[in-house]
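Asker: Handing over data36.cif, mmCIF, C-alpha atoms and all ligand atoms.
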data_my_file
loop_
_atom_site.label_atom_id
_atom_site.label_comp_id
_atom_site.auth_asym_id
_atom_site.auth_seq_id
_atom_site.Cartn_x
_atom_site.Cartn_y
_atom_site.Cartn_z
CA MET A 1 21.86 138.68 -18.14
CA VAL A 2 19.60 141.01 -20.10
CA PHE A 3 21.27 144.11 -18.70
CA ILE A 4 24.82 143.00 -19.57
CA ASP A 5 23.79 141.88 -23.07
CA ALA A 6 22.19 145.27 -23.62
CA CYS A 7 25.42 147.04 -22.57
CA PHE A 8 27.14 145.24 -25.45
CA ARG A 9 24.30 145.93 -27.91
CA LYS A 10 23.38 142.24 -28.10
CA LYS A 11 19.80 141.16 -28.80
CA THR A 12 17.61 141.09 -25.68
CA PRO A 13 13.93 140.10 -25.16
CA TYR A 14 13.10 143.67 -24.00
CA THR A 15 14.85 146.93 -23.06
CA PRO A 16 16.30 146.52 -19.55
CA VAL A 17 15.59 149.15 -16.91
CA TRP A 18 17.07 150.23 -13.58
CA LEU A 19 16.81 153.54 -11.72
CA MET A 20 19.64 155.67 -10.40
CA ARG A 21 19.37 155.89 -6.60
CA GLN A 22 16.81 153.10 -6.72
CA ALA A 23 17.64 152.13 -3.13
CA GLY A 24 16.82 154.84 -0.65
CA ARG A 25 14.43 156.87 1.37
CA TYR A 26 11.37 156.59 -0.91
CA LEU A 27 11.21 152.89 0.06
CA PRO A 28 9.69 152.28 3.53
CA GLN A 29 11.63 148.99 3.59
CA TYR A 30 14.88 150.99 3.24
CA MET A 31 13.95 153.31 6.11
CA LYS A 32 13.39 150.29 8.34
CA VAL A 33 16.84 148.84 7.63
CA ARG A 34 18.52 152.24 7.97
CA GLU A 35 16.92 152.61 11.38
CA LYS A 36 18.33 149.24 12.36
CA ALA A 37 21.80 150.35 11.20
CA GLY A 38 21.57 153.61 13.16
CA ASP A 39 22.70 156.04 10.49
CA PHE A 40 23.61 156.19 6.83
CA LEU A 41 27.37 155.57 7.13
CA SER A 42 26.85 152.68 9.54
CA LEU A 43 24.52 151.19 6.93
CA CYS A 44 27.21 151.52 4.24
CA LYS A 45 29.72 149.81 6.54
CA ASN A 46 27.43 146.89 7.45
CA PRO A 47 27.65 144.33 4.59
CA GLU A 48 24.63 142.30 5.76
CA LEU A 49 22.32 145.32 5.89
CA ALA A 50 23.86 147.04 2.84
CA ALA A 51 23.27 143.84 0.84
CA GLU A 52 19.67 143.78 2.02
CA VAL A 53 18.94 147.32 0.77
CA THR A 54 20.86 146.67 -2.47
CA LEU A 55 18.45 143.79 -3.21
CA GLN A 56 15.24 145.61 -2.23
CA PRO A 57 14.61 147.41 -5.55
CA VAL A 58 15.08 144.15 -7.49
CA GLU A 59 12.44 142.49 -5.34
CA ILE A 60 10.07 145.44 -5.03
CA LEU A 61 10.31 147.07 -8.47
CA GLY A 62 11.47 144.21 -10.70
CA VAL A 63 14.41 146.17 -12.17
CA ASP A 64 16.95 144.29 -14.30
CA ALA A 65 20.00 145.33 -12.27
CA ALA A 66 20.87 146.05 -8.66
CA ILE A 67 23.31 148.85 -7.86
CA LEU A 68 25.62 148.38 -4.91
CA PHE A 69 24.39 150.30 -1.88
CA SER A 70 27.19 152.61 -0.82
CA ASP A 71 28.14 156.22 -1.54
CA ILE A 72 30.65 158.04 -3.71
CA LEU A 73 32.05 159.71 -0.57
CA VAL A 74 33.48 156.54 1.00
CA ILE A 75 36.66 157.25 -1.00
CA PRO A 76 37.49 160.55 0.75
CA LEU A 77 36.26 159.02 4.02
CA GLU A 78 38.78 156.18 3.70
CA MET A 79 41.46 158.61 2.53
CA GLY A 80 41.20 159.84 6.10
CA MET A 81 38.81 162.79 5.82
CA GLU A 82 36.28 163.28 8.57
CA LEU A 83 32.76 162.98 7.08
CA ARG A 84 29.35 163.63 8.63
CA PHE A 85 25.91 163.32 7.09
CA GLU A 86 23.82 166.01 8.70
CA LYS A 87 20.03 166.03 8.62
CA GLY A 88 18.75 168.34 5.88
CA GLU A 89 22.28 169.46 5.03
CA GLY A 90 23.72 166.43 3.30
CA PRO A 91 27.39 165.47 3.53
CA VAL A 92 29.84 167.69 5.44
CA PHE A 93 33.65 167.50 5.48
CA PRO A 94 34.58 169.84 8.37
CA LYS A 95 38.21 170.03 7.20
CA PRO A 96 38.24 170.48 3.43
CA VAL A 97 41.31 169.93 1.23
CA ARG A 98 42.79 173.31 0.30
CA THR A 99 46.60 172.99 0.11
CA MET A 100 49.23 170.68 -1.38
CA GLU A 101 50.01 169.58 2.19
CA ASP A 102 46.35 168.60 2.61
CA ILE A 103 46.61 166.45 -0.52
CA ASP A 104 49.83 164.82 0.72
CA ALA A 105 48.14 163.99 4.02
CA LEU A 106 45.41 161.96 2.26
CA TYR A 107 45.92 158.21 2.53
CA GLU A 108 46.92 156.87 -0.88
CA PHE A 109 45.23 153.47 -0.83
CA PRO A 110 41.63 153.89 0.42
CA GLU A 111 40.64 150.80 -1.61
CA GLU A 112 42.48 148.68 0.98
CA ARG A 113 40.15 149.99 3.70
CA LEU A 114 36.94 149.56 1.72
CA THR A 115 36.62 145.85 2.56
CA TYR A 116 33.01 146.32 3.75
CA VAL A 117 32.09 147.23 0.15
CA TYR A 118 33.62 144.04 -1.25
CA GLU A 119 31.87 141.98 1.43
CA THR A 120 28.55 143.60 0.46
CA ILE A 121 29.14 142.74 -3.20
CA LYS A 122 29.87 139.10 -2.36
CA LEU A 123 26.70 138.80 -0.26
CA VAL A 124 24.56 140.44 -2.95
CA LYS A 125 25.93 138.15 -5.66
CA LYS A 126 25.04 135.07 -3.59
CA ARG A 127 21.42 136.19 -3.30
CA LEU A 128 20.75 138.00 -6.57
CA PRO A 129 18.78 135.99 -9.20
CA LYS A 130 21.19 134.77 -11.91
CA ASP A 131 19.51 136.78 -14.68
CA LYS A 132 19.97 140.09 -12.81
CA ALA A 133 23.19 142.12 -12.87
CA LEU A 134 24.99 143.88 -10.04
CA ILE A 135 26.38 147.32 -10.89
CA GLY A 136 29.35 148.60 -8.90
CA PHE A 137 30.14 152.31 -8.94
CA ALA A 138 32.33 155.23 -7.99
CA GLY A 139 32.08 158.99 -8.29
CA SER A 140 34.22 160.67 -10.92
CA PRO A 141 37.44 162.26 -9.66
CA TRP A 142 35.98 165.73 -10.36
CA THR A 143 32.68 165.12 -8.55
CA ILE A 144 34.41 163.58 -5.52
CA ALA A 145 36.90 166.47 -5.51
CA THR A 146 34.07 169.04 -5.39
CA TYR A 147 33.03 167.63 -2.00
CA MET A 148 36.61 167.39 -0.76
CA VAL A 149 37.48 170.99 -1.66
CA GLU A 150 34.11 172.66 -0.96
CA GLY A 151 33.67 170.74 2.30
CA GLY A 152 30.23 169.48 1.26
CA GLY A 153 27.57 170.02 -1.38
CA SER A 154 27.71 173.34 -3.20
CA LYS A 155 25.62 175.59 -5.42
CA SER A 156 28.35 177.86 -6.79
CA TYR A 157 31.50 175.69 -6.58
CA ALA A 158 33.37 178.88 -5.70
CA ALA A 159 36.23 177.24 -3.78
CA ILE A 160 37.03 174.55 -6.34
CA LYS A 161 36.63 176.86 -9.33
CA LYS A 162 39.10 179.25 -7.77
CA LYS A 163 41.54 176.34 -7.77
CA VAL A 164 40.71 175.38 -11.38
CA TYR A 165 41.56 178.87 -12.64
CA SER A 166 44.30 179.96 -10.27
CA GLU A 167 45.98 176.74 -9.11
CA PRO A 168 45.46 174.08 -11.79
CA GLU A 169 48.48 172.15 -10.51
CA PHE A 170 46.72 171.72 -7.15
CA MET A 171 43.64 170.39 -8.94
CA HIS A 172 45.58 167.92 -11.06
CA ALA A 173 47.53 166.65 -8.06
CA LEU A 174 44.25 165.99 -6.25
CA LEU A 175 42.49 164.49 -9.28
CA ILE A 176 45.42 162.15 -10.01
CA LYS A 177 45.42 160.87 -6.43
CA VAL A 178 41.65 160.30 -6.44
CA ALA A 179 41.68 158.74 -9.93
CA GLU A 180 44.36 156.23 -8.95
CA ALA A 181 42.29 155.22 -5.92
CA ILE A 182 39.14 154.84 -8.07
CA LYS A 183 40.95 152.57 -10.55
CA ALA A 184 42.04 150.20 -7.79
CA TYR A 185 38.64 150.44 -6.06
CA LEU A 186 36.62 149.55 -9.18
CA ILE A 187 38.97 146.67 -10.02
CA LYS A 188 38.41 145.29 -6.52
CA GLN A 189 34.64 145.68 -6.93
CA ILE A 190 34.84 143.69 -10.18
CA GLU A 191 37.02 141.03 -8.58
CA SER A 192 34.44 140.74 -5.78
CA GLY A 193 31.64 140.11 -8.28
CA ALA A 194 30.34 143.38 -9.75
CA ASP A 195 29.07 142.64 -13.28
CA ALA A 196 29.36 146.23 -14.56
CA VAL A 197 30.57 149.57 -13.19
CA GLN A 198 29.24 153.11 -13.49
CA ILE A 199 31.11 156.35 -12.84
CA PHE A 200 28.84 159.20 -11.67
CA ASP A 201 29.95 162.69 -12.67
CA SER A 202 27.04 164.46 -11.04
CA TRP A 203 28.65 167.91 -11.06
CA ALA A 204 30.15 167.88 -14.57
CA SER A 205 28.02 170.89 -15.48
CA ALA A 206 29.89 173.11 -13.01
CA LEU A 207 32.66 173.32 -15.63
CA GLU A 208 32.78 175.18 -18.96
CA LYS A 209 33.55 173.00 -21.97
CA ASP A 210 37.39 173.08 -22.15
CA LYS A 211 37.69 172.76 -18.39
CA PHE A 212 35.21 169.87 -18.30
CA PHE A 213 37.42 167.85 -20.62
CA GLU A 214 40.63 168.79 -18.84
CA PHE A 215 39.45 168.39 -15.24
CA SER A 216 36.79 165.72 -15.53
CA TRP A 217 36.27 163.76 -18.74
CA ASP A 218 39.96 162.97 -19.42
CA TYR A 219 40.17 161.34 -15.99
CA MET A 220 36.94 159.39 -16.47
CA VAL A 221 38.20 158.00 -19.77
CA GLU A 222 41.55 157.11 -18.21
CA ILE A 223 39.75 155.08 -15.54
CA ALA A 224 37.40 153.48 -18.10
CA GLU A 225 40.28 152.44 -20.35
CA PHE A 226 42.25 151.08 -17.39
CA ILE A 227 39.29 148.82 -16.59
CA LYS A 228 38.56 147.82 -20.21
CA GLU A 229 42.19 146.74 -20.72
CA ARG A 230 41.96 144.37 -17.76
CA TYR A 231 38.31 143.30 -17.87
CA PRO A 232 36.98 143.74 -21.43
CA HIS A 233 33.86 141.69 -20.61
CA VAL A 234 32.78 144.11 -17.86
CA PRO A 235 30.68 147.00 -19.18
CA VAL A 236 31.76 150.50 -18.17
CA ILE A 237 29.05 153.18 -17.96
CA LEU A 238 29.98 156.87 -17.81
CA PHE A 239 27.40 159.42 -16.62
CA PRO A 240 28.43 163.08 -16.86
CA LYS A 241 25.41 165.13 -15.82
CA GLY A 242 24.32 168.32 -17.55
CA ILE A 243 26.67 168.52 -20.53
CA ALA A 244 24.27 168.47 -23.49
CA GLY A 245 26.30 171.27 -25.06
CA TYR A 246 29.56 169.30 -24.96
CA LEU A 247 28.51 166.05 -26.65
CA ASP A 248 30.66 166.77 -29.71
CA GLY A 249 33.79 166.33 -27.60
CA ILE A 250 32.87 162.97 -26.03
CA TYR A 251 35.53 160.35 -26.79
CA GLY A 252 37.11 157.23 -25.30
CA LYS A 253 36.79 153.48 -24.95
CA PHE A 254 33.80 152.60 -22.77
CA ASP A 255 30.45 150.92 -23.39
CA VAL A 256 27.46 152.92 -22.18
CA PHE A 257 26.87 156.67 -22.05
CA GLY A 258 24.43 157.86 -19.36
CA VAL A 259 22.13 160.59 -20.67
CA ASP A 260 20.78 163.04 -18.09
CA TRP A 261 17.22 164.40 -18.27
CA GLY A 262 18.37 167.81 -19.51
CA THR A 263 19.88 166.31 -22.67
CA PRO A 264 17.26 165.57 -25.34
CA MET A 265 17.49 161.85 -26.19
CA GLU A 266 17.28 162.70 -29.93
CA LEU A 267 20.43 164.79 -29.58
CA ALA A 268 22.33 162.12 -27.65
CA LYS A 269 21.28 159.53 -30.23
CA GLU A 270 22.42 161.70 -33.12
CA LYS A 271 25.80 162.54 -31.55
CA LEU A 272 26.68 159.32 -29.71
CA GLY A 273 24.16 156.57 -30.52
CA ASP A 274 26.38 154.87 -33.11
CA ARG A 275 29.38 154.64 -30.81
CA TYR A 276 27.85 153.96 -27.39
CA VAL A 277 24.78 152.27 -25.96
CA LEU A 278 22.69 155.04 -24.39
CA GLN A 279 21.22 154.86 -20.90
CA GLY A 280 18.44 157.15 -19.71
CA ASN A 281 16.79 159.56 -19.44
CA LEU A 282 13.36 160.08 -17.89
CA GLU A 283 13.07 163.27 -15.80
CA PRO A 284 12.67 161.74 -12.29
CA ALA A 285 9.96 164.27 -11.35
CA ARG A 286 7.67 162.69 -13.96
CA LEU A 287 7.24 159.89 -11.42
CA TYR A 288 5.12 162.22 -9.29
CA ASN A 289 2.34 161.72 -11.85
CA ARG A 290 1.37 158.51 -13.58
CA ASP A 291 0.15 160.11 -16.83
CA GLU A 292 3.33 162.17 -17.07
CA THR A 293 5.31 158.98 -16.45
CA ARG A 294 3.60 157.21 -19.34
CA VAL A 295 4.00 160.14 -21.74
CA GLY A 296 7.71 160.47 -20.86
CA VAL A 297 8.40 156.75 -21.23
CA GLU A 298 6.60 156.56 -24.59
CA LYS A 299 8.53 159.51 -25.92
CA ILE A 300 11.92 158.00 -25.01
CA ILE A 301 10.99 154.61 -26.46
CA GLU A 302 9.77 156.29 -29.63
CA VAL A 303 13.21 157.91 -30.06
CA MET A 304 15.32 154.89 -29.09
CA GLY A 305 13.05 152.19 -30.55
CA ALA A 306 12.22 148.87 -28.90
CA LYS A 307 15.59 147.53 -29.94
CA GLU A 308 19.30 147.24 -29.12
CA GLY A 309 21.32 150.29 -28.14
CA HIS A 310 19.22 151.50 -25.20
CA ILE A 311 19.02 150.86 -21.46
CA PHE A 312 16.12 152.62 -19.77
CA ASN A 313 16.86 154.71 -16.68
CA LEU A 314 16.02 158.01 -15.05
CA GLY A 315 17.97 161.08 -16.13
CA HIS A 316 19.18 161.50 -12.51
CA GLY A 317 18.41 159.93 -9.13
CA MET A 318 15.11 159.02 -7.46
CA MET A 319 13.88 161.68 -5.04
CA PRO A 320 12.99 160.70 -1.45
CA ASP A 321 9.27 161.47 -1.77
CA LEU A 322 8.49 159.71 -5.08
CA PRO A 323 5.63 157.18 -4.90
CA VAL A 324 6.90 153.59 -5.02
CA GLU A 325 3.80 152.56 -7.00
CA ASN A 326 4.77 154.84 -9.88
CA ALA A 327 8.30 153.44 -9.96
CA LYS A 328 6.83 149.93 -10.20
CA TYR A 329 4.53 151.12 -12.96
CA LEU A 330 7.51 152.58 -14.86
CA VAL A 331 9.44 149.30 -14.80
CA GLU A 332 6.43 147.29 -16.02
CA LEU A 333 5.65 149.83 -18.70
CA VAL A 334 9.19 149.76 -20.13
CA HIS A 335 9.17 145.96 -20.24
CA ASP A 336 5.69 145.85 -21.85
CA LEU A 337 6.31 148.52 -24.46
CA THR A 338 9.65 147.10 -25.59
CA ARG A 339 8.99 143.33 -25.59
CA ARG A 340 10.10 141.91 -28.95
O1 LIG A 401 19.59 157.51 3.93
C1 LIG A 401 19.92 158.70 3.73
O2 LIG A 401 19.31 159.66 4.18
C2 LIG A 401 21.12 158.99 2.95
C3 LIG A 401 20.81 159.37 1.56
C4 LIG A 401 21.81 158.74 0.64
C5 LIG A 401 21.66 157.53 -0.06
C6 LIG A 401 20.47 156.63 -0.07
C7 LIG A 401 23.09 159.23 0.38
C8 LIG A 401 23.71 160.42 0.97
N1 LIG A 401 23.72 158.35 -0.48
C9 LIG A 401 22.89 157.30 -0.77
C10 LIG A 401 23.20 156.11 -1.59
C11 LIG A 401 23.87 156.29 -2.88
N2 LIG A 401 24.57 157.39 -3.26
C12 LIG A 401 23.93 155.33 -3.93
C13 LIG A 401 23.45 153.89 -3.87
C14 LIG A 401 21.99 153.72 -3.90
C15 LIG A 401 21.34 153.57 -5.22
O3 LIG A 401 21.71 154.20 -6.23
O4 LIG A 401 20.39 152.80 -5.26
C16 LIG A 401 24.63 155.92 -4.99
C17 LIG A 401 24.90 155.33 -6.34
C18 LIG A 401 25.03 157.22 -4.54
C19 LIG A 401 25.85 158.11 -5.33
C20 LIG A 401 26.02 159.52 -4.92
N3 LIG A 401 26.20 160.07 -3.67
C21 LIG A 401 26.14 160.57 -5.84
C22 LIG A 401 26.12 160.39 -7.35
C23 LIG A 401 24.74 160.19 -7.86
C24 LIG A 401 23.84 161.40 -7.81
O5 LIG A 401 22.77 161.26 -7.23
O6 LIG A 401 24.21 162.43 -8.39
C25 LIG A 401 26.35 161.76 -5.14
C26 LIG A 401 26.52 163.15 -5.70
C27 LIG A 401 26.38 161.43 -3.74
C28 LIG A 401 26.64 162.35 -2.61
C29 LIG A 401 25.59 162.28 -1.57
N4 LIG A 401 25.32 161.18 -0.83
C30 LIG A 401 24.26 161.40 0.00
C31 LIG A 401 23.83 162.73 -0.19
C32 LIG A 401 22.69 163.38 0.54
C33 LIG A 401 24.68 163.27 -1.16
C34 LIG A 401 24.68 164.70 -1.61
C35 LIG A 401 24.01 165.03 -2.86
C36 LIG A 401 24.18 166.54 -3.05
O7 LIG A 401 25.27 167.09 -2.79
O8 LIG A 401 23.20 167.13 -3.49
#
Give the structure from this file in structure tokens form.
Answerer:
Amino acid sequence: MVFIDACFRKKTPYTPVWLMRQAGRYLPQYMKVREKAGDFLSLCKNPELAAEVTLQPVEILGVDAAILFSDILVIPLEMGMELRFEKGEGPVFPKPVRTMEDIDALYEFPEERLTYVYETIKLVKKRLPKDKALIGFAGSPWTIATYMVEGGGSKSYAAIKKKVYSEPEFMHALLIKVAEAIKAYLIKQIESGADAVQIFDSWASALEKDKFFEFSWDYMVEIAEFIKERYPHVPVILFPKGIAGYLDGIYGKFDVFGVDWGTPMELAKEKLGDRYVLQGNLEPARLYNRDETRVGVEKIIEVMGAKEGHIFNLGHGMMPDLPVENAKYLVELVHDLTRR
């Protein structure tokens, strides 16, 4: 598989490409299946339909990897938290986690309840062309915890930051519980057929440098190393978003570092390119305009070269109103410009 070879810096015929959040609302075919499922969570819990939307971007865009269709919030959901996805508002946890008793009340083994995810993976693997990879994923403990403590998405992270600075023992108790669940969950995804795994730390940038390492990165590395010890042939991708200023501190045993669009690729290459394969980092909004797409792609390829050490991706997720045609164009362009 081109994508897996690239994760290990092996020679490949071209630079592989996939797009974060490549399944979703910008695809009319996705909207149709979601309608059939009823709502977003029902779609996640329906292996047949979740497998169908996982495969759509491979068929429609020609990307080199599929990413499991699910959400990072199924972990708190299966830890017993009530979760609603409200129109325009995003995810809502009506009863956030705020006390040690709340942490104790969370079910310890959500991975046992996430059987619909493993079923989806098995169905996808049966249908996915043999040269394409399937990426499993989880949120980072920190990013998942932001939703659990804030009760939903947040702009200021006021509630969780209060905990970081005034009750660090609460934070670590929560992060340890979530991290243990993620380890078991990712192992089960791999055992069901996932060829690689990615950990999304979408809200890394909410933390100042020292606190980022203490409350987020240390846990991500612990999970990565747990997986690498057991499954060394499975690539682990870590994506902490918005931490260009902290690259000097990045450490640990994993394979691919996800570069967000706010981190100049030159800088990531200089600081990390020798130690990790880099994935990224086109600003997703460039896809609104074809010329801007081409300019952005050329610039990244100029920095990374048409050679080993790079996996092309966006620097964050696809937005719901991006034109599908431009996403197709992006995938073709990356393949054409990097063919060796
Ligand atoms: O259909 C819909 O309207 C629901 C929209 C949607 C989709 C398509 C949500 C709700 N989640 C997803 C799928 C999803 N989420 C995938 C698989 C699809 C793919 O990548 O092709 C993945 C990997 C995620 C991961 C995810 N969920 C992240 C990390 C990545 C990122 O974008 O930063 C986060 C932060 C979430 C939380 C989440 N899920 C959904 C929403 C609206 C949100 C909130 C985002 C926010 O707080 O701003």
Asker: Got a sec: who's within 8 Å of stretch 252-259 of chain A, counting all atoms listed in the file, leaving out chain neighbours fewer than 3 positions off, as a PyMOL selection string?
Answerer: chain A and resi 7-8+221+224-225+228+235-241+263+265+268+276-281+315
Asker: Throw together the list of residues within 7 Å of ligand LIG 401 (chain A), counting all atoms listed in the file, and drop it here as a PyMOL selection string.
Answerer: chain A and resi 20-25+34+40+54+67-73+90-91+137+139+152-154+200-202+316-317
Asker: Stretch 295-306 of chain A: which residues within 8 Å, counting all atoms listed in the file, same-chain residues fewer than 6 positions away excluded, as a compact mmCIF listing (two decimals) with C-alpha atoms, in the coordinates of the input?
Answerer:
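What ended up in result-v9.txt:
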# COMPACT_ATOMS: atom_id res chain seq x y z
CA TYR A 14 13.10 143.67 -24.00
CA THR A 15 14.85 146.93 -23.06
CA MET A 265 17.49 161.85 -26.19
CA GLU A 266 17.28 162.70 -29.93
CA LYS A 269 21.28 159.53 -30.23
CA ASN A 281 16.79 159.56 -19.44
CA LEU A 282 13.36 160.08 -17.89
CA GLU A 283 13.07 163.27 -15.80
CA ARG A 286 7.67 162.69 -13.96
CA LEU A 330 7.51 152.58 -14.86
CA LEU A 333 5.65 149.83 -18.70
CA VAL A 334 9.19 149.76 -20.13
CA LEU A 337 6.31 148.52 -24.46
CA THR A 338 9.65 147.10 -25.59
CA ARG A 339 8.99 143.33 -25.59
CA ARG A 340 10.10 141.91 -28.95
Asker: Using only C-alpha atoms, determine which residues lie at most 12 Å from A:Val149, disregarding the query and same-chain residues fewer than 4 positions distant; provide the list as a PyMOL selection string.
Answerer: chain A and resi 76+81+92-100+102-103+141-145+153-154+157-164+170-171+174-175
Asker: Would you mind exporting the chosen residues as a PDB file, in the coordinates of the input, restricted to C-alpha atoms?
Answerer:
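Below you can see result_9.pdb, which holds the result:
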ATOM      1  CA  PRO A  76      37.490 160.550   0.750  1.00  0.00           C
ATOM      2  CA  MET A  81      38.810 162.790   5.820  1.00  0.00           C
ATOM      3  CA  VAL A  92      29.840 167.690   5.440  1.00  0.00           C
ATOM      4  CA  PHE A  93      33.650 167.500   5.480  1.00  0.00           C
ATOM      5  CA  PRO A  94      34.580 169.840   8.370  1.00  0.00           C
ATOM      6  CA  LYS A  95      38.210 170.030   7.200  1.00  0.00           C
ATOM      7  CA  PRO A  96      38.240 170.480   3.430  1.00  0.00           C
ATOM      8  CA  VAL A  97      41.310 169.930   1.230  1.00  0.00           C
ATOM      9  CA  ARG A  98      42.790 173.310   0.300  1.00  0.00           C
ATOM     10  CA  THR A  99      46.600 172.990   0.110  1.00  0.00           C
ATOM     11  CA  MET A 100      49.230 170.680  -1.380  1.00  0.00           C
ATOM     12  CA  ASP A 102      46.350 168.600   2.610  1.00  0.00           C
ATOM     13  CA  ILE A 103      46.610 166.450  -0.520  1.00  0.00           C
ATOM     14  CA  PRO A 141      37.440 162.260  -9.660  1.00  0.00           C
ATOM     15  CA  TRP A 142      35.980 165.730 -10.360  1.00  0.00           C
ATOM     16  CA  THR A 143      32.680 165.120  -8.550  1.00  0.00           C
ATOM     17  CA  ILE A 144      34.410 163.580  -5.520  1.00  0.00           C
ATOM     18  CA  ALA A 145      36.900 166.470  -5.510  1.00  0.00           C
ATOM     19  CA  GLY A 153      27.570 170.020  -1.380  1.00  0.00           C
ATOM     20  CA  SER A 154      27.710 173.340  -3.200  1.00  0.00           C
ATOM     21  CA  TYR A 157      31.500 175.690  -6.580  1.00  0.00           C
ATOM     22  CA  ALA A 158      33.370 178.880  -5.700  1.00  0.00           C
ATOM     23  CA  ALA A 159      36.230 177.240  -3.780  1.00  0.00           C
ATOM     24  CA  ILE A 160      37.030 174.550  -6.340  1.00  0.00           C
ATOM     25  CA  LYS A 161      36.630 176.860  -9.330  1.00  0.00           C
ATOM     26  CA  LYS A 162      39.100 179.250  -7.770  1.00  0.00           C
ATOM     27  CA  LYS A 163      41.540 176.340  -7.770  1.00  0.00           C
ATOM     28  CA  VAL A 164      40.710 175.380 -11.380  1.00  0.00           C
ATOM     29  CA  PHE A 170      46.720 171.720  -7.150  1.00  0.00           C
ATOM     30  CA  MET A 171      43.640 170.390  -8.940  1.00  0.00           C
ATOM     31  CA  LEU A 174      44.250 165.990  -6.250  1.00  0.00           C
ATOM     32  CA  LEU A 175      42.490 164.490  -9.280  1.00  0.00           C
TER      33      LEU A 175
END
Asker: Atom CA of A:Thr115 to atom CA of A:Glu78: how many Å, to one decimal?
Answerer: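 Going from atom CA of A:Thr115 over to atom CA of A:Glu78 covers 10.6 Å.
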Asker: Please, what distance in Å, to one decimal, runs between atom CA of A:Asp260 and atom CA of A:Met220?
Answerer: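 Between atom CA of A:Asp260 and atom CA of A:Met220 the gap works out to 16.6 Å.
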Asker: Select, from A:Leu43, A:Met79, A:Val53, A:Ala65, the residue with the minimum atom-to-atom distance to A:Asn313, counting all atoms listed in the file.
Answerer: A:Ala65
Asker: Mind pulling up the distance from atom CA of A:Ala285 to atom CA of A:Tyr329?
Answerer: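 Atom CA of A:Ala285 lies 14.3 Å from atom CA of A:Tyr329.
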Asker: Go through stretch 148-196 of chain A and flag each residue having an atom no more than 8 Å from stretch 105-114 of chain A; for those, report the closest pair of atoms plus their distance in Å to one decimal, using only C-alpha atoms, ordered by chain and rising number, as a tab-separated table.
Answerer:
residue	atom	partner	partner_atom	distance
A:Lys177	CA	A:Glu108	CA	7.0
A:Ala181	CA	A:Phe109	CA	6.1
A:Ile182	CA	A:Glu111	CA	7.8
A:Ala184	CA	A:Glu111	CA	6.4
A:Tyr185	CA	A:Glu111	CA	4.9
A:Lys188	CA	A:Glu111	CA	7.7
Asker: Rank A:Ala6, A:Ala194, A:Ala204, A:Val331 by their smallest atom-to-atom distance to A:Lys307, using all atoms listed in the file, and report the top residue only.
Answerer: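 The answer is A:Ala6, which sits nearest to A:Lys307.
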Asker: Find, counting only C-alpha atoms, the residue in A:Pro47, A:Pro168, A:Pro284, A:Gly151 that gets nearest to A:Asn326.
Answerer: A:Pro284
Asker: Determine the nearest neighbour of A:Arg275 from the options A:Leu41, A:Gly245, A:Arg9, A:Glu229, counting all atoms listed in the file.
Answerer: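 Ranked by minimum distance to A:Arg275, first place goes to A:Arg9.
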Asker: Using only C-alpha atoms, which of A:Pro57, A:Lys155, A:Thr146, A:Phe85 sits nearest A:Leu128?
Answerer: A:Pro57
Asker: Hey, could you patch up stretch 189-196 of chain A with N, CA, C and O atoms and hand it over as a PDB file, keeping the file's coordinate frame?
Answerer:
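New file result19.pdb:
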ATOM      1  N   GLN A 189      36.088 145.953  -6.862  1.00  0.00           N
ATOM      2  CA  GLN A 189      34.640 145.680  -6.930  1.00  0.00           C
ATOM      3  C   GLN A 189      34.364 144.591  -7.969  1.00  0.00           C
ATOM      4  O   GLN A 189      33.568 143.677  -7.739  1.00  0.00           O
ATOM      5  N   ILE A 190      35.025 144.693  -9.119  1.00  0.00           N
ATOM      6  CA  ILE A 190      34.840 143.690 -10.180  1.00  0.00           C
ATOM      7  C   ILE A 190      35.321 142.323  -9.701  1.00  0.00           C
ATOM      8  O   ILE A 190      34.650 141.308  -9.875  1.00  0.00           O
ATOM      9  N   GLU A 191      36.472 142.311  -9.053  1.00  0.00           N
ATOM     10  CA  GLU A 191      37.020 141.030  -8.580  1.00  0.00           C
ATOM     11  C   GLU A 191      36.170 140.429  -7.463  1.00  0.00           C
ATOM     12  O   GLU A 191      36.223 139.226  -7.215  1.00  0.00           O
ATOM     13  N   SER A 192      35.354 141.258  -6.808  1.00  0.00           N
ATOM     14  CA  SER A 192      34.440 140.740  -5.780  1.00  0.00           C
ATOM     15  C   SER A 192      33.123 140.273  -6.370  1.00  0.00           C
ATOM     16  O   SER A 192      32.308 139.671  -5.663  1.00  0.00           O
ATOM     17  N   GLY A 193      32.862 140.617  -7.648  1.00  0.00           N
ATOM     18  CA  GLY A 193      31.640 140.110  -8.280  1.00  0.00           C
ATOM     19  C   GLY A 193      30.777 141.119  -9.018  1.00  0.00           C
ATOM     20  O   GLY A 193      29.750 140.735  -9.587  1.00  0.00           O
ATOM     21  N   ALA A 194      31.150 142.392  -9.010  1.00  0.00           N
ATOM     22  CA  ALA A 194      30.340 143.380  -9.750  1.00  0.00           C
ATOM     23  C   ALA A 194      30.358 143.029 -11.244  1.00  0.00           C
ATOM     24  O   ALA A 194      31.413 142.751 -11.804  1.00  0.00           O
ATOM     25  N   ASP A 195      29.176 143.035 -11.874  1.00  0.00           N
ATOM     26  CA  ASP A 195      29.070 142.640 -13.280  1.00  0.00           C
ATOM     27  C   ASP A 195      29.304 143.801 -14.238  1.00  0.00           C
ATOM     28  O   ASP A 195      29.536 143.600 -15.432  1.00  0.00           O
ATOM     29  N   ALA A 196      29.163 145.023 -13.752  1.00  0.00           N
ATOM     30  CA  ALA A 196      29.360 146.230 -14.560  1.00  0.00           C
ATOM     31  C   ALA A 196      29.741 147.339 -13.584  1.00  0.00           C
ATOM     32  O   ALA A 196      29.560 147.173 -12.368  1.00  0.00           O
TER      33      ALA A 196
END
